[in-house]
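Structure file upload-v1.tsv with TSV, C-alpha atoms and all ligand atoms:
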chain	number	residue	atom	x	y	z
A	6	MET	CA	-11.47	29.40	8.87
A	7	GLN	CA	-11.89	26.47	11.25
A	8	ARG	CA	-9.27	23.79	11.35
A	9	ILE	CA	-10.01	20.07	11.21
A	10	VAL	CA	-7.56	17.29	12.08
A	11	VAL	CA	-8.60	13.80	10.95
A	12	LEU	CA	-7.32	10.61	12.59
A	13	ILE	CA	-7.29	7.42	10.51
A	14	SER	CA	-6.04	3.85	10.73
A	15	GLY	CA	-6.34	2.62	7.15
A	16	ARG	CA	-8.03	3.22	3.85
A	17	GLY	CA	-9.36	6.69	4.62
A	18	SER	CA	-12.47	6.66	2.45
A	19	ASN	CA	-14.41	8.70	5.04
A	20	LEU	CA	-11.52	11.16	5.11
A	21	GLU	CA	-11.81	11.50	1.33
A	22	ALA	CA	-15.55	12.07	1.52
A	23	ILE	CA	-15.05	14.78	4.14
A	24	VAL	CA	-12.29	16.59	2.23
A	25	ARG	CA	-14.27	16.49	-1.02
A	26	GLN	CA	-17.49	17.78	0.55
A	27	CYS	CA	-15.63	20.45	2.49
A	28	GLN	CA	-14.24	21.77	-0.79
A	29	ALA	CA	-17.38	21.25	-2.88
A	30	GLU	CA	-19.67	22.98	-0.36
A	31	ASP	CA	-17.14	25.62	0.64
A	32	TRP	CA	-17.39	25.00	4.38
A	33	PRO	CA	-15.91	27.61	6.72
A	34	ALA	CA	-13.29	24.96	7.52
A	35	ARG	CA	-10.51	22.87	6.02
A	36	VAL	CA	-8.72	19.65	6.86
A	37	VAL	CA	-5.28	20.83	7.96
A	38	ALA	CA	-3.75	17.49	8.90
A	39	VAL	CA	-4.28	13.74	8.82
A	40	ILE	CA	-2.67	11.69	11.57
A	41	SER	CA	-2.39	7.93	11.92
A	42	HIS	CA	-0.83	5.43	14.30
A	43	LYS	CA	0.06	3.36	11.22
A	44	ALA	CA	2.70	4.56	8.78
A	45	ASP	CA	1.20	2.41	6.01
A	46	ALA	CA	-2.36	3.76	6.32
A	47	ALA	CA	-3.44	4.28	2.71
A	48	GLY	CA	-5.29	7.47	3.59
A	49	LEU	CA	-1.99	9.17	4.47
A	50	SER	CA	-0.73	8.88	0.89
A	51	TRP	CA	-4.03	10.16	-0.43
A	52	ALA	CA	-3.85	13.16	1.93
A	53	GLN	CA	-0.29	13.92	0.85
A	54	GLY	CA	-1.47	13.87	-2.77
A	55	GLN	CA	-4.01	16.52	-1.82
A	56	GLY	CA	-1.34	18.68	-0.21
A	57	ILE	CA	-2.64	17.99	3.29
A	58	GLY	CA	-0.05	17.61	6.04
A	59	THR	CA	0.33	14.16	7.59
A	60	ALA	CA	1.94	12.70	10.69
A	61	VAL	CA	2.42	9.25	12.18
A	62	VAL	CA	2.35	8.54	15.90
A	63	ASP	CA	3.28	4.87	16.17
A	64	HIS	CA	1.57	3.29	19.17
A	65	ARG	CA	4.24	0.56	19.27
A	66	ALA	CA	6.91	3.17	19.96
A	67	GLN	CA	5.12	4.28	23.16
A	68	THR	CA	5.57	2.75	26.59
A	69	SER	CA	1.90	2.90	27.61
A	70	ARG	CA	-1.58	3.79	26.42
A	71	GLU	CA	-1.32	7.12	28.26
A	72	ALA	CA	2.02	7.90	26.62
A	73	PHE	CA	0.49	7.17	23.22
A	74	ASP	CA	-2.48	9.43	23.94
A	75	GLU	CA	-0.13	12.23	25.00
A	76	ALA	CA	2.06	11.87	21.93
A	77	LEU	CA	-1.04	11.84	19.75
A	78	ALA	CA	-2.43	14.93	21.46
A	79	ALA	CA	0.88	16.74	20.94
A	80	ALA	CA	0.79	15.90	17.22
A	81	ILE	CA	-2.82	17.08	17.00
A	82	ASP	CA	-2.26	20.28	18.97
A	83	ALA	CA	0.62	21.26	16.69
A	84	HIS	CA	-2.14	21.99	14.14
A	85	GLN	CA	-4.36	23.95	16.56
A	86	PRO	CA	-7.57	22.25	15.47
A	87	ASP	CA	-11.10	23.37	16.19
A	88	TRP	CA	-12.33	19.85	15.42
A	89	VAL	CA	-10.77	16.41	15.80
A	90	VAL	CA	-12.43	13.82	13.59
A	91	LEU	CA	-12.01	10.07	14.05
A	92	ALA	CA	-12.52	8.43	10.67
A	93	GLY	CA	-11.91	4.71	10.91
A	94	PHE	CA	-9.48	5.29	13.78
A	95	MET	CA	-9.14	1.92	15.47
A	96	ARG	CA	-7.44	2.80	18.75
A	97	ILE	CA	-9.27	3.27	22.03
A	98	LEU	CA	-8.52	6.69	23.49
A	99	GLY	CA	-8.25	7.32	27.23
A	100	ASP	CA	-10.40	9.59	29.34
A	101	ALA	CA	-7.83	12.40	29.54
A	102	PHE	CA	-7.58	12.52	25.75
A	103	VAL	CA	-11.35	12.55	25.35
A	104	HIS	CA	-11.77	15.30	27.95
A	105	ARG	CA	-9.08	17.39	26.27
A	106	TYR	CA	-11.17	17.56	23.07
A	107	ALA	CA	-14.61	17.39	24.66
A	108	GLY	CA	-17.32	18.84	22.44
A	109	ARG	CA	-15.06	18.94	19.38
A	110	LEU	CA	-14.21	15.25	18.99
A	111	LEU	CA	-16.39	13.30	16.54
A	112	ASN	CA	-16.48	9.64	15.52
A	113	ILE	CA	-18.28	7.49	12.97
A	114	HIS	CA	-19.33	4.02	14.02
A	115	PRO	CA	-20.71	1.44	11.57
A	116	SER	CA	-23.88	0.54	13.45
A	117	LEU	CA	-27.07	2.16	14.65
A	118	LEU	CA	-25.88	2.97	18.16
A	119	PRO	CA	-26.58	2.12	20.92
A	120	SER	CA	-26.81	-1.27	19.16
A	121	PHE	CA	-23.50	-2.98	18.49
A	122	PRO	CA	-20.78	-0.80	19.96
A	123	GLY	CA	-17.29	-2.21	19.45
A	124	LEU	CA	-16.11	-4.48	16.64
A	125	HIS	CA	-17.69	-6.78	14.03
A	126	THR	CA	-20.85	-4.70	13.85
A	127	HIS	CA	-22.11	-6.07	10.54
A	128	ARG	CA	-21.70	-9.71	11.49
A	129	ARG	CA	-23.44	-9.05	14.80
A	130	ALA	CA	-26.32	-7.21	13.11
A	131	LEU	CA	-26.85	-10.15	10.74
A	132	GLU	CA	-26.62	-12.69	13.56
A	133	ALA	CA	-29.18	-10.70	15.55
A	134	GLY	CA	-31.59	-10.82	12.60
A	135	CYS	CA	-31.78	-7.04	12.20
A	136	ALA	CA	-33.90	-5.78	9.30
A	137	VAL	CA	-31.88	-2.56	9.16
A	138	ALA	CA	-28.27	-1.67	9.82
A	139	GLY	CA	-26.43	1.60	9.41
A	140	ALA	CA	-23.94	4.08	10.79
A	141	THR	CA	-23.82	6.72	13.50
A	142	VAL	CA	-21.86	9.96	13.83
A	143	HIS	CA	-21.53	10.97	17.45
A	144	PHE	CA	-19.58	13.14	19.83
A	145	VAL	CA	-16.95	11.11	21.63
A	146	THR	CA	-17.25	10.62	25.37
A	147	PRO	CA	-15.16	8.36	27.61
A	148	THR	CA	-17.57	5.42	27.23
A	149	LEU	CA	-16.72	3.67	23.95
A	150	ASP	CA	-19.21	4.31	21.11
A	151	HIS	CA	-21.65	5.93	23.51
A	152	GLY	CA	-21.55	9.72	23.03
A	153	PRO	CA	-24.40	12.01	21.94
A	154	VAL	CA	-25.68	11.03	18.48
A	155	ILE	CA	-25.47	13.74	15.81
A	156	ALA	CA	-26.92	11.75	12.91
A	157	GLN	CA	-27.62	8.22	11.76
A	158	ALA	CA	-27.90	6.53	8.35
A	159	VAL	CA	-30.20	3.54	7.97
A	160	VAL	CA	-29.43	0.81	5.44
A	161	PRO	CA	-31.85	-2.09	4.84
A	162	VAL	CA	-30.48	-5.59	5.39
A	163	ARG	CA	-30.94	-7.99	2.45
A	164	THR	CA	-31.57	-11.69	2.97
A	165	SER	CA	-28.53	-12.40	0.80
A	166	ASP	CA	-26.25	-10.11	2.85
A	167	THR	CA	-22.90	-11.20	4.18
A	168	PRO	CA	-20.98	-9.04	6.68
A	169	GLU	CA	-18.88	-7.86	3.73
A	170	SER	CA	-21.77	-6.91	1.44
A	171	LEU	CA	-23.52	-5.11	4.27
A	172	ALA	CA	-20.31	-3.28	5.20
A	173	ASP	CA	-19.93	-2.12	1.60
A	174	ARG	CA	-23.41	-0.59	1.53
A	175	VAL	CA	-23.09	0.94	4.98
A	176	LEU	CA	-19.80	2.51	3.89
A	177	VAL	CA	-21.55	4.26	1.00
A	178	ALA	CA	-23.99	5.65	3.56
A	179	GLU	CA	-21.12	6.71	5.83
A	180	HIS	CA	-19.72	8.82	3.00
A	181	GLN	CA	-22.95	10.82	2.94
A	182	LEU	CA	-23.47	10.91	6.67
A	183	TYR	CA	-20.10	12.01	8.02
A	184	PRO	CA	-19.68	15.10	5.82
A	185	LEU	CA	-23.26	16.11	6.60
A	186	ALA	CA	-22.79	15.85	10.36
A	187	LEU	CA	-19.40	17.52	10.32
A	188	ARG	CA	-20.69	20.39	8.21
A	189	TRP	CA	-23.38	21.04	10.82
A	190	ALA	CA	-20.69	21.04	13.49
A	191	VAL	CA	-18.43	23.55	11.73
A	192	GLN	CA	-21.43	25.74	10.90
A	193	GLY	CA	-22.40	25.85	14.57
A	194	ARG	CA	-25.75	24.21	13.78
A	195	LEU	CA	-25.70	21.69	16.65
A	196	ARG	CA	-26.84	22.04	20.24
A	197	VAL	CA	-25.95	19.35	22.74
A	198	ASP	CA	-28.14	18.76	25.76
A	199	GLY	CA	-26.95	15.72	27.68
A	200	GLN	CA	-27.20	12.77	25.29
A	201	ARG	CA	-29.42	14.65	22.86
A	202	VAL	CA	-28.13	16.64	19.91
A	203	THR	CA	-30.42	19.05	18.08
A	204	GLN	CA	-29.84	20.29	14.53
A	205	LEU	CA	-30.77	23.95	14.93
A	206	ASP	CA	-32.32	24.33	11.45
A	207	GLY	CA	-34.57	21.34	12.09
A	208	ALA	CA	-32.83	19.29	9.39
A	209	PRO	CA	-33.53	15.55	9.67
A	210	GLN	CA	-30.77	13.87	11.65
A	211	HIS	CA	-31.18	10.66	9.74
A	212	LEU	CA	-30.68	9.38	6.21
A	213	PHE	CA	-32.62	6.46	4.79
A	214	CYS	CA	-30.34	4.80	2.29
A	215	GLU	CA	-32.64	2.63	0.20
A	216	GLU	CA	-31.37	0.63	-2.72
A	217	PRO	CA	-33.35	-0.60	-5.71
B	301	LIG	C1	-15.60	2.63	8.45
B	301	LIG	O1	-16.59	1.67	8.19
B	301	LIG	C2	-15.78	3.15	9.83
B	301	LIG	O2	-17.10	3.30	10.22
B	301	LIG	C3	-15.11	2.06	10.61
B	301	LIG	O3	-13.98	1.73	9.87
B	301	LIG	C4	-14.23	2.01	8.51
B	301	LIG	C5	-13.18	2.95	8.04
B	301	LIG	O4	-13.17	3.11	6.68
B	301	LIG	N1	-14.86	2.43	11.97
B	301	LIG	P1	-12.29	4.24	6.00
B	301	LIG	O5	-10.87	4.12	6.55
B	301	LIG	O6	-12.90	5.57	6.27
B	301	LIG	O7	-12.32	3.90	4.53
Starting from the coordinates I provided, produce the structure as structure tokens.
Amino acid sequence: MQRIVVLISGRGSNLEAIVRQCQAEDWPARVVAVISHKADAAGLSWAQGQGIGTAVVDHRAQTSREAFDEALAAAIDAHQPDWVVLAGFMRILGDAFVHRYAGRLLNIHPSLLPSFPGLHTHRRALEAGCAVAGATVHFVTPTLDHGPVIAQAVVPVRTSDTPESLADRVLVAEHQLYPLALRWAVQGRLRVDGQRVTQLDGAPQHLFCEEP
């Protein structure tokens, strides 16, 4: 049974989607711990309610970024994970951390990368006049929001959209996308070749999330 550690900063709705799909589809894996840098992250309480172990590594208690990364890695390694999953984790991680988990560190980003890395993705997509927005699950590399793309979900932009309304619909898509991509990872169904990731069964690596 493979072991997944999930890192969160807040609500944890992607965490919930992953845990539920993992159970519903009987993956050869389970979420063994949820770790946050924020003690009040709502997803921690939810995880505790599910009987999943939690830990807090407070970045404000650390003397430097590197010290935080090391403390975080120690908390993660205590659970001997096969996979480390960033799910709404809003801290930038240093190169040494990323290298430590290379090939088994995943992130979800709320844009169609390589467009709009960083923050405020939905506002930027609207300002740019995009007809579609979406989310990307990718392997994490040292360059922020730039690693090999595992799968993407496409969400149409509506003329009436605000950043908030678009974020709400993209989040629904994220809840389908992240469990799908992570399941492929734990099933060994991904091959990485430079920036390109291939789903070995030939499954489409995109979701079109159309609304009525
Ligand atoms: C998601 O939109 C994720 O893509 C972004 O932050 C949000 C986290 O939501 N990075 P949640 O904590 O999973 O509910």
Using only C-alpha atoms and all ligand atoms, what are the residues with an atom within 6 Å of ligand LIG 301 (chain B), set out as number ranges by chain?
-> A: 15-20, 92-93, 113-115, 176
Which one of A:Ser165, A:Gln7, A:Ser41, A:Gln26 sits closest to His84 of chain A if you count only C-alpha atoms?
-> A:Gln7
Quick one: everything within 12 Å of Gly56 of chain A, counting all atoms listed in the file, minus sequence neighbours fewer than 2 positions away in the same chain. Send it as a list in words.
-> Val24, Arg35, Val36, Val37, Ala38, Val39, Leu49, Ser50, Trp51, Ala52, Gln53, Gly54, Gly58 and Thr59 of chain A
Which residue gives the smallest distance to Glu215 of chain A among A:Val103, A:Val160, A:Ala80, A:Ile97, with all atoms listed in the file counted?
->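 For Glu215 of chain A, the nearest of the candidates is A:Val160.
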Using all atoms listed in the file, find the one residue out of A:Ala190, A:Val197, A:Leu118, A:Leu182 that sits nearest to Leu212 of chain A.
->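 Going through A:Ala190, A:Val197, A:Leu118, A:Leu182 one by one, the smallest distance to Leu212 of chain A is for A:Leu182.
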Nearby residues (all atoms listed in the file) at most 9 Å from Ala172 of chain A, same-chain spacing under 3 positions excluded, as a ChimeraX atom specification = /A:115,126-127,139,167-169,175-177
If we count all atoms listed in the file and set the cut-off at 12 Å, which residues sit around Gly199 of chain A, ignoring sequence neighbours fewer than 5 positions away in its own chain? Please answer as a tab-separated table (two decimals) with C-alpha atoms, in the coordinates of the input.
chain	number	residue	atom	x	y	z
A	108	GLY	CA	-17.32	18.84	22.44
A	144	PHE	CA	-19.58	13.14	19.83
A	146	THR	CA	-17.25	10.62	25.37
A	151	HIS	CA	-21.65	5.93	23.51
A	152	GLY	CA	-21.55	9.72	23.03
A	153	PRO	CA	-24.40	12.01	21.94
A	154	VAL	CA	-25.68	11.03	18.48
Could you tell me how far atom CA of Arg25 of chain A lies from atom CA of Val11 of chain A, in Å and to one decimal?
->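 That distance, rounded to one decimal, is 13.5 Å.
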Between A:Leu195, A:Ala208, A:Met6, A:Ala72, which is the closest to Gly99 of chain A once you count all atoms listed in the file?
->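 Answer, going by the shortest atom-to-atom distance: A:Ala72.
The nearest approach to Pro209 of chain A among the residues A:Gln157, A:Thr141, A:Gln55, A:Ser116, with only C-alpha atoms taken into account, belongs to A:Gln157.
Between Val191 of chain A and the residues A:Ile40, A:Ala101, A:Leu117, A:Leu111, the shortest atom-to-atom distance, using all atoms listed in the file, involves A:Leu111.
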Grab the atom CA of Ala76 of chain A to atom CA of Asp150 of chain A distance for me, in Å with one decimal place.
-> 22.6 Å
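Our summary of the geometry notes that atom CA of Glu132 of chain A is positioned 14.3 Å from atom CA of Ser170 of chain A.
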Would you mind listing what lies within 9 Å of Gln181 of chain A as a PyMOL selection string, with all atoms listed in the file counted and same-chain residues fewer than 3 positions away left out?
-> chain A and resi 22-23+158+176-178+184-186+212
9 Å contact set for Leu77 of chain A, all atoms listed in the file, chain neighbours under 4 positions out, as a PyMOL selection string | chain A and resi 40-42+61-64+72-73+81-82+102
Would you mind putting back all heavy atoms on segment 37-48 of chain A, then writing it out as a PDB file, in the frame of the given file?
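out-v6.pdb, written as the output of this step:
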ATOM      1  N   VAL A  37      -6.660  20.327   7.944  1.00  0.00           N
ATOM      2  CA  VAL A  37      -5.280  20.830   7.960  1.00  0.00           C
ATOM      3  C   VAL A  37      -4.262  19.724   8.173  1.00  0.00           C
ATOM      4  O   VAL A  37      -3.077  19.920   7.886  1.00  0.00           O
ATOM      5  CB  VAL A  37      -5.096  21.932   9.035  1.00  0.00           C
ATOM      6  CG1 VAL A  37      -5.912  23.163   8.679  1.00  0.00           C
ATOM      7  CG2 VAL A  37      -5.454  21.428  10.427  1.00  0.00           C
ATOM      8  N   ALA A  38      -4.704  18.579   8.686  1.00  0.00           N
ATOM      9  CA  ALA A  38      -3.750  17.490   8.900  1.00  0.00           C
ATOM     10  C   ALA A  38      -4.478  16.170   9.044  1.00  0.00           C
ATOM     11  O   ALA A  38      -5.624  16.119   9.503  1.00  0.00           O
ATOM     12  CB  ALA A  38      -2.906  17.744  10.145  1.00  0.00           C
ATOM     13  N   VAL A  39      -3.801  15.106   8.641  1.00  0.00           N
ATOM     14  CA  VAL A  39      -4.280  13.740   8.820  1.00  0.00           C
ATOM     15  C   VAL A  39      -3.206  12.996   9.605  1.00  0.00           C
ATOM     16  O   VAL A  39      -2.026  13.029   9.243  1.00  0.00           O
ATOM     17  CB  VAL A  39      -4.537  13.060   7.466  1.00  0.00           C
ATOM     18  CG1 VAL A  39      -5.003  11.629   7.662  1.00  0.00           C
ATOM     19  CG2 VAL A  39      -5.569  13.850   6.662  1.00  0.00           C
ATOM     20  N   ILE A  40      -3.626  12.357  10.684  1.00  0.00           N
ATOM     21  CA  ILE A  40      -2.670  11.690  11.570  1.00  0.00           C
ATOM     22  C   ILE A  40      -3.099  10.235  11.727  1.00  0.00           C
ATOM     23  O   ILE A  40      -4.289   9.931  11.846  1.00  0.00           O
ATOM     24  CB  ILE A  40      -2.636  12.393  12.952  1.00  0.00           C
ATOM     25  CG1 ILE A  40      -2.223  13.860  12.769  1.00  0.00           C
ATOM     26  CG2 ILE A  40      -1.675  11.679  13.905  1.00  0.00           C
ATOM     27  CD1 ILE A  40      -2.269  14.691  14.044  1.00  0.00           C
ATOM     28  N   SER A  41      -2.106   9.347  11.726  1.00  0.00           N
ATOM     29  CA  SER A  41      -2.390   7.930  11.920  1.00  0.00           C
ATOM     30  C   SER A  41      -1.379   7.318  12.882  1.00  0.00           C
ATOM     31  O   SER A  41      -0.271   7.824  13.040  1.00  0.00           O
ATOM     32  CB  SER A  41      -2.326   7.192  10.580  1.00  0.00           C
ATOM     33  OG  SER A  41      -2.662   5.825  10.761  1.00  0.00           O
ATOM     34  N   HIS A  42      -1.780   6.198  13.501  1.00  0.00           N
ATOM     35  CA  HIS A  42      -0.830   5.430  14.300  1.00  0.00           C
ATOM     36  C   HIS A  42      -0.124   4.397  13.430  1.00  0.00           C
ATOM     37  O   HIS A  42       0.743   3.678  13.914  1.00  0.00           O
ATOM     38  CB  HIS A  42      -1.544   4.747  15.478  1.00  0.00           C
ATOM     39  CG  HIS A  42      -2.652   3.835  15.050  1.00  0.00           C
ATOM     40  ND1 HIS A  42      -2.573   2.477  15.124  1.00  0.00           N
ATOM     41  CD2 HIS A  42      -3.854   4.117  14.500  1.00  0.00           C
ATOM     42  CE1 HIS A  42      -3.692   1.948  14.652  1.00  0.00           C
ATOM     43  NE2 HIS A  42      -4.485   2.925  14.267  1.00  0.00           N
ATOM     44  N   LYS A  43      -0.535   4.339  12.130  1.00  0.00           N
ATOM     45  CA  LYS A  43       0.060   3.360  11.220  1.00  0.00           C
ATOM     46  C   LYS A  43       0.696   4.081  10.043  1.00  0.00           C
ATOM     47  O   LYS A  43      -0.007   4.761   9.275  1.00  0.00           O
ATOM     48  CB  LYS A  43      -1.019   2.420  10.690  1.00  0.00           C
ATOM     49  CG  LYS A  43      -1.555   1.466  11.723  1.00  0.00           C
ATOM     50  CD  LYS A  43      -2.608   0.608  11.088  1.00  0.00           C
ATOM     51  CE  LYS A  43      -2.629  -0.762  11.722  1.00  0.00           C
ATOM     52  NZ  LYS A  43      -3.635  -1.607  11.097  1.00  0.00           N
ATOM     53  N   ALA A  44       1.981   3.867   9.862  1.00  0.00           N
ATOM     54  CA  ALA A  44       2.700   4.560   8.780  1.00  0.00           C
ATOM     55  C   ALA A  44       2.199   4.136   7.410  1.00  0.00           C
ATOM     56  O   ALA A  44       2.295   4.899   6.447  1.00  0.00           O
ATOM     57  CB  ALA A  44       4.194   4.279   8.900  1.00  0.00           C
ATOM     58  N   ASP A  45       1.634   2.898   7.324  1.00  0.00           N
ATOM     59  CA  ASP A  45       1.200   2.410   6.010  1.00  0.00           C
ATOM     60  C   ASP A  45      -0.293   2.641   5.758  1.00  0.00           C
ATOM     61  O   ASP A  45      -0.856   2.063   4.831  1.00  0.00           O
ATOM     62  CB  ASP A  45       1.545   0.930   5.851  1.00  0.00           C
ATOM     63  CG  ASP A  45       0.843   0.062   6.896  1.00  0.00           C
ATOM     64  OD1 ASP A  45       0.184   0.619   7.801  1.00  0.00           O
ATOM     65  OD2 ASP A  45       0.945  -1.181   6.788  1.00  0.00           O
ATOM     66  N   ALA A  46      -0.934   3.463   6.563  1.00  0.00           N
ATOM     67  CA  ALA A  46      -2.360   3.760   6.320  1.00  0.00           C
ATOM     68  C   ALA A  46      -2.506   4.416   4.951  1.00  0.00           C
ATOM     69  O   ALA A  46      -1.885   5.451   4.679  1.00  0.00           O
ATOM     70  CB  ALA A  46      -2.896   4.674   7.421  1.00  0.00           C
ATOM     71  N   ALA A  47      -3.325   3.806   4.099  1.00  0.00           N
ATOM     72  CA  ALA A  47      -3.440   4.280   2.710  1.00  0.00           C
ATOM     73  C   ALA A  47      -3.918   5.729   2.643  1.00  0.00           C
ATOM     74  O   ALA A  47      -3.522   6.481   1.757  1.00  0.00           O
ATOM     75  CB  ALA A  47      -4.381   3.367   1.931  1.00  0.00           C
ATOM     76  N   GLY A  48      -4.752   6.112   3.596  1.00  0.00           N
ATOM     77  CA  GLY A  48      -5.290   7.470   3.590  1.00  0.00           C
ATOM     78  C   GLY A  48      -4.219   8.544   3.755  1.00  0.00           C
ATOM     79  O   GLY A  48      -4.414   9.694   3.346  1.00  0.00           O
TER      80      GLY A  48
END
